[in-house]
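Everything below belongs to structure-v6.pdb, which stores PDB, C-alpha atoms.
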ATOM      1  CA  MET F 230     165.613 120.339  45.670
ATOM      2  CA  ARG F 231     162.144 121.745  44.982
ATOM      3  CA  LEU F 232     161.545 119.153  42.290
ATOM      4  CA  LEU F 233     162.585 116.316  44.620
ATOM      5  CA  LEU F 234     160.273 117.536  47.387
ATOM      6  CA  THR F 235     157.414 117.905  44.924
ATOM      7  CA  LEU F 236     157.968 114.394  43.553
ATOM      8  CA  ALA F 237     158.205 112.927  47.052
ATOM      9  CA  GLY F 238     154.986 114.686  48.032
ATOM     10  CA  LEU F 239     153.179 113.403  44.965
ATOM     11  CA  ALA F 240     154.439 109.856  45.521
ATOM     12  CA  ILE F 241     153.251 109.877  49.110
ATOM     13  CA  GLY F 242     149.980 111.545  48.173
ATOM     14  CA  PHE F 243     149.145 108.905  45.584
ATOM     15  CA  SER F 244     150.388 105.861  47.476
ATOM     16  CA  VAL F 245     148.961 106.454  50.956
ATOM     17  CA  PRO F 246     145.278 106.305  49.905
ATOM     18  CA  ALA F 247     145.943 103.029  48.115
ATOM     19  CA  PHE F 248     147.196 101.389  51.313
ATOM     20  CA  SER F 249     144.887 102.891  53.885
ATOM     21  CA  GLN F 250     141.230 103.344  54.550
ATOM     22  CA  GLU F 251     139.507 106.638  53.940
ATOM     23  CA  PRO F 252     140.510 108.897  56.862
ATOM     24  CA  LYS F 253     137.908 110.047  59.315
ATOM     25  CA  PRO F 254     136.837 113.617  58.748
ATOM     26  CA  VAL F 255     138.263 116.152  61.151
ATOM     27  CA  ASP F 256     135.893 117.373  63.845
ATOM     28  CA  PRO F 257     134.444 120.788  62.849
ATOM     29  CA  GLU F 258     135.637 122.194  66.188
ATOM     30  CA  VAL F 259     139.219 121.150  65.394
ATOM     31  CA  ARG F 260     138.930 122.777  61.960
ATOM     32  CA  GLN F 261     137.832 126.001  63.681
ATOM     33  CA  GLU F 262     140.842 125.782  66.004
ATOM     34  CA  ILE F 263     143.159 125.525  62.985
ATOM     35  CA  GLU F 264     141.393 128.464  61.322
ATOM     36  CA  ALA F 265     142.002 130.429  64.533
ATOM     37  CA  VAL F 266     145.740 129.642  64.361
ATOM     38  CA  LEU F 267     145.806 130.848  60.746
ATOM     39  CA  MET F 268     144.073 134.076  61.810
ATOM     40  CA  LYS F 269     146.639 134.560  64.599
ATOM     41  CA  PHE F 270     149.417 134.092  62.049
ATOM     42  CA  ASP F 271     147.865 136.650  59.691
ATOM     43  CA  GLU F 272     147.389 139.157  62.529
ATOM     44  CA  ALA F 273     150.944 138.712  63.817
ATOM     45  CA  PHE F 274     152.405 138.952  60.302
ATOM     46  CA  ASN F 275     150.435 142.105  59.521
ATOM     47  CA  LYS F 276     151.572 143.673  62.822
ATOM     48  CA  ARG F 277     155.155 142.544  62.064
ATOM     49  CA  ASP F 278     155.194 140.745  65.430
ATOM     50  CA  THR F 279     157.929 138.148  64.923
ATOM     51  CA  ALA F 280     157.726 136.850  68.501
ATOM     52  CA  ALA F 281     154.002 136.137  68.110
ATOM     53  CA  ILE F 282     154.676 134.352  64.807
ATOM     54  CA  ALA F 283     157.421 132.205  66.355
ATOM     55  CA  ALA F 284     155.100 131.288  69.244
ATOM     56  CA  LEU F 285     152.779 129.560  66.738
ATOM     57  CA  TYR F 286     155.507 126.982  66.022
ATOM     58  CA  THR F 287     156.831 124.192  68.241
ATOM     59  CA  HIS F 288     160.304 124.697  69.753
ATOM     60  CA  GLU F 289     161.812 122.229  67.269
ATOM     61  CA  ALA F 290     159.684 123.276  64.250
ATOM     62  CA  VAL F 291     161.152 122.951  60.772
ATOM     63  CA  GLN F 292     160.486 125.200  57.801
ATOM     64  CA  VAL F 293     161.413 123.981  54.342
ATOM     65  CA  LEU F 294     162.282 127.011  52.229
ATOM     66  CA  ASP F 295     161.617 127.137  48.512
ATOM     67  CA  GLU F 296     163.807 128.822  45.912
ATOM     68  CA  TRP F 297     162.214 132.252  46.504
ATOM     69  CA  GLU F 298     163.286 132.158  50.147
ATOM     70  CA  GLY F 299     166.776 130.801  49.530
ATOM     71  CA  SER F 300     166.130 127.022  49.518
ATOM     72  CA  GLY F 301     167.052 124.743  52.404
ATOM     73  CA  THR F 302     165.605 124.290  55.869
ATOM     74  CA  ILE F 303     165.605 126.174  59.122
ATOM     75  CA  SER F 304     164.630 124.780  62.493
ATOM     76  CA  GLY F 305     163.580 126.144  65.838
ATOM     77  CA  GLN F 306     161.512 129.103  66.942
ATOM     78  CA  GLN F 307     164.519 131.457  67.077
ATOM     79  CA  ALA F 308     165.507 130.730  63.475
ATOM     80  CA  ILE F 309     161.900 131.177  62.340
ATOM     81  CA  GLU F 310     161.670 134.498  64.180
ATOM     82  CA  LYS F 311     164.934 135.631  62.557
ATOM     83  CA  LEU F 312     163.638 134.628  59.105
ATOM     84  CA  TYR F 313     160.501 136.732  59.521
ATOM     85  CA  THR F 314     162.518 139.677  60.850
ATOM     86  CA  SER F 315     164.570 139.704  57.649
ATOM     87  CA  GLU F 316     161.481 139.094  55.510
ATOM     88  CA  PHE F 317     159.705 142.128  56.955
ATOM     89  CA  ALA F 318     162.520 144.379  55.730
ATOM     90  CA  SER F 319     161.392 143.692  52.150
ATOM     91  CA  THR F 320     157.731 142.657  52.481
ATOM     92  CA  PRO F 321     155.407 145.543  53.299
ATOM     93  CA  ALA F 322     152.310 143.710  52.053
ATOM     94  CA  LYS F 323     149.358 142.353  53.989
ATOM     95  CA  PHE F 324     149.245 138.558  54.528
ATOM     96  CA  VAL F 325     145.909 136.749  54.086
ATOM     97  CA  SER F 326     145.432 132.986  54.631
ATOM     98  CA  LYS F 327     142.589 130.709  53.595
ATOM     99  CA  LEU F 328     142.225 127.183  54.968
ATOM    100  CA  VAL F 329     141.845 124.596  52.200
ATOM    101  CA  GLN F 330     141.968 121.188  53.910
ATOM    102  CA  VAL F 331     142.579 119.576  57.290
ATOM    103  CA  SER F 332     143.297 115.840  57.442
ATOM    104  CA  PRO F 333     144.070 113.628  60.425
ATOM    105  CA  LEU F 334     147.587 112.222  60.503
ATOM    106  CA  ALA F 335     147.921 109.832  63.466
ATOM    107  CA  ASP F 336     147.722 112.223  66.449
ATOM    108  CA  GLU F 337     148.619 115.258  64.335
ATOM    109  CA  LEU F 338     146.976 117.155  61.488
ATOM    110  CA  ALA F 339     148.015 117.728  57.893
ATOM    111  CA  VAL F 340     146.862 121.225  56.961
ATOM    112  CA  ASN F 341     146.830 122.808  53.512
ATOM    113  CA  SER F 342     146.164 126.510  53.083
ATOM    114  CA  GLU F 343     146.401 129.209  50.428
ATOM    115  CA  PHE F 344     147.817 132.656  51.032
ATOM    116  CA  THR F 345     148.401 135.989  49.370
ATOM    117  CA  CYS F 346     151.022 138.538  50.294
ATOM    118  CA  PRO F 347     151.498 140.743  47.226
ATOM    119  CA  PRO F 348     153.437 140.340  45.051
ATOM    120  CA  TRP F 349     153.387 136.708  46.262
ATOM    121  CA  LYS F 350     150.723 134.067  46.402
ATOM    122  CA  GLY F 351     151.118 130.464  47.341
ATOM    123  CA  PHE F 352     150.232 127.384  49.306
ATOM    124  CA  LYS F 353     151.397 126.121  52.684
ATOM    125  CA  MET F 354     151.478 122.499  53.696
ATOM    126  CA  CYS F 355     151.908 122.091  57.451
ATOM    127  CA  ILE F 356     151.898 119.426  60.100
ATOM    128  CA  TYR F 357     150.201 120.668  63.249
ATOM    129  CA  THR F 358     150.675 119.025  66.615
ATOM    130  CA  ARG F 359     148.787 119.518  69.862
ATOM    131  CA  ASP F 360     150.727 121.516  72.468
ATOM    132  CA  VAL F 361     148.872 121.687  75.779
ATOM    133  CA  ASP F 362     145.649 123.488  74.785
ATOM    134  CA  THR F 363     146.504 124.742  71.302
ATOM    135  CA  TRP F 364     147.739 123.560  67.921
ATOM    136  CA  LYS F 365     151.260 124.469  66.823
ATOM    137  CA  ILE F 366     153.116 124.095  63.559
ATOM    138  CA  ARG F 367     155.755 121.358  63.650
ATOM    139  CA  LEU F 368     156.632 121.293  59.949
ATOM    140  CA  GLU F 369     155.921 123.830  57.213
ATOM    141  CA  TYR F 370     156.558 123.981  53.489
ATOM    142  CA  ALA F 371     155.365 126.944  51.453
ATOM    143  CA  ILE F 372     155.290 127.131  47.685
ATOM    144  CA  LEU F 373     155.484 130.716  46.440
ATOM    145  CA  SER F 374     154.823 132.263  43.052
ATOM    146  CA  MET F 375     154.517 135.802  41.752
ATOM    147  CA  MET F 376     150.996 137.155  41.382
ATOM    148  CA  PRO F 377     150.000 138.070  37.830
ATOM    149  CA  ARG F 378     150.134 141.790  37.122
TER     150      ARG F 378
END
Would you mind giving the structure from this file in structure tokens?
Amino acid sequence: MRLLLTLAGLAIGFSVPAFSQEPKPVDPEVRQEIEAVLMKFDEAFNKRDTAAIAALYTHEAVQVLDEWEGSGTISGQQAIEKLYTSEFASTPAKFVSKLVQVSPLADELAVNSEFTCPPWKGFKMCIYTRDVDTWKIRLEYAILSMMPR
């Protein structure tokens, strides 16, 4: 499953630029808003506040899980909250995010970020959508790996 998702992502990543014009850069204010959402996620994770984490996602949000998290997908704020509740039982580490790239995607944003949460490190690829006066995660895929010792 992971290999198929990776191949699909690469295919889309290489083919879209060939068929479209160079995307407009994202407004610096919008980038700051996304950085603020990442900071809220980090704060909520580090406080183990599952309700605050779930609130950062849309009601119908989808998370694609990689092999470290059990593979598959989960959807909805309640399922995401439940996932983090179980994750906190075995993850005492501090979560730190770093924004890598924000790209416009129609009326949404494609956001790539790096994170560390020892013993894990990884990348998140998310689709953010506007929800009233804030940005929320509609789709998320994280790729995890063990940190070198």
| task | Determine the nearest neighbour of Lys253 of chain F from the options F:Pro333, F:Ile303, F:Thr287, F:Val325, counting all atoms listed in the file. | result | F:Pro333
Evaluating the PyMOL selection byres ((chain F and resi 258-275) around 10) on the displayed file yields which residues, as a PDB file with C-alpha atoms, keeping the file's coordinate frame?
ATOM      1  CA  PRO F 254     136.837 113.617  58.748  1.00  0.00           C
ATOM      2  CA  VAL F 255     138.263 116.152  61.151  1.00  0.00           C
ATOM      3  CA  ASP F 256     135.893 117.373  63.845  1.00  0.00           C
ATOM      4  CA  PRO F 257     134.444 120.788  62.849  1.00  0.00           C
ATOM      5  CA  LYS F 276     151.572 143.673  62.822  1.00  0.00           C
ATOM      6  CA  ARG F 277     155.155 142.544  62.064  1.00  0.00           C
ATOM      7  CA  ASP F 278     155.194 140.745  65.430  1.00  0.00           C
ATOM      8  CA  THR F 279     157.929 138.148  64.923  1.00  0.00           C
ATOM      9  CA  ALA F 280     157.726 136.850  68.501  1.00  0.00           C
ATOM     10  CA  ALA F 281     154.002 136.137  68.110  1.00  0.00           C
ATOM     11  CA  ILE F 282     154.676 134.352  64.807  1.00  0.00           C
ATOM     12  CA  ALA F 283     157.421 132.205  66.355  1.00  0.00           C
ATOM     13  CA  ALA F 284     155.100 131.288  69.244  1.00  0.00           C
ATOM     14  CA  LEU F 285     152.779 129.560  66.738  1.00  0.00           C
ATOM     15  CA  TYR F 313     160.501 136.732  59.521  1.00  0.00           C
ATOM     16  CA  PHE F 317     159.705 142.128  56.955  1.00  0.00           C
ATOM     17  CA  PRO F 321     155.407 145.543  53.299  1.00  0.00           C
ATOM     18  CA  ALA F 322     152.310 143.710  52.053  1.00  0.00           C
ATOM     19  CA  LYS F 323     149.358 142.353  53.989  1.00  0.00           C
ATOM     20  CA  PHE F 324     149.245 138.558  54.528  1.00  0.00           C
ATOM     21  CA  VAL F 325     145.909 136.749  54.086  1.00  0.00           C
ATOM     22  CA  SER F 326     145.432 132.986  54.631  1.00  0.00           C
ATOM     23  CA  LYS F 327     142.589 130.709  53.595  1.00  0.00           C
ATOM     24  CA  LEU F 328     142.225 127.183  54.968  1.00  0.00           C
ATOM     25  CA  VAL F 329     141.845 124.596  52.200  1.00  0.00           C
ATOM     26  CA  GLN F 330     141.968 121.188  53.910  1.00  0.00           C
ATOM     27  CA  VAL F 331     142.579 119.576  57.290  1.00  0.00           C
ATOM     28  CA  SER F 332     143.297 115.840  57.442  1.00  0.00           C
ATOM     29  CA  LEU F 338     146.976 117.155  61.488  1.00  0.00           C
ATOM     30  CA  VAL F 340     146.862 121.225  56.961  1.00  0.00           C
ATOM     31  CA  SER F 342     146.164 126.510  53.083  1.00  0.00           C
ATOM     32  CA  PHE F 344     147.817 132.656  51.032  1.00  0.00           C
ATOM     33  CA  CYS F 346     151.022 138.538  50.294  1.00  0.00           C
ATOM     34  CA  TYR F 357     150.201 120.668  63.249  1.00  0.00           C
ATOM     35  CA  THR F 363     146.504 124.742  71.302  1.00  0.00           C
ATOM     36  CA  TRP F 364     147.739 123.560  67.921  1.00  0.00           C
ATOM     37  CA  LYS F 365     151.260 124.469  66.823  1.00  0.00           C
ATOM     38  CA  ILE F 366     153.116 124.095  63.559  1.00  0.00           C
TER      39      ILE F 366
END
| task | Enter the distance from atom CA of Ser374 of chain F to atom CA of Leu294 of chain F, in Å, rounded to one decimal. | result |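 Computing the Euclidean distance for atom CA of Ser374 of chain F and atom CA of Leu294 of chain F yields 12.9 Å.
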| field | Residue nearest Gln306 of chain F among F:Glu343, F:Glu369, F:Asp360, F:Glu289 (counting only C-alpha atoms) | value |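 Looking only at the distances to Gln306 of chain F, the closest residue turns out to be F:Glu289.
Using all atoms listed in the file, the nearest neighbour of Thr320 of chain F within the list F:Asp362, F:Trp349, F:Tyr286, F:Ala308 is F:Trp349.
Separating atom CA of Arg359 of chain F from atom CA of Ala339 of chain F is a distance of 12.1 Å.
The spacing separating atom CA of Thr302 of chain F from atom CA of Tyr370 of chain F amounts to 9.4 Å.
Considering the residues F:Val361, F:Ala371, F:Phe352, F:Asn341 and counting only C-alpha atoms, Gly301 of chain F has its shortest atom-to-atom contact with F:Ala371.
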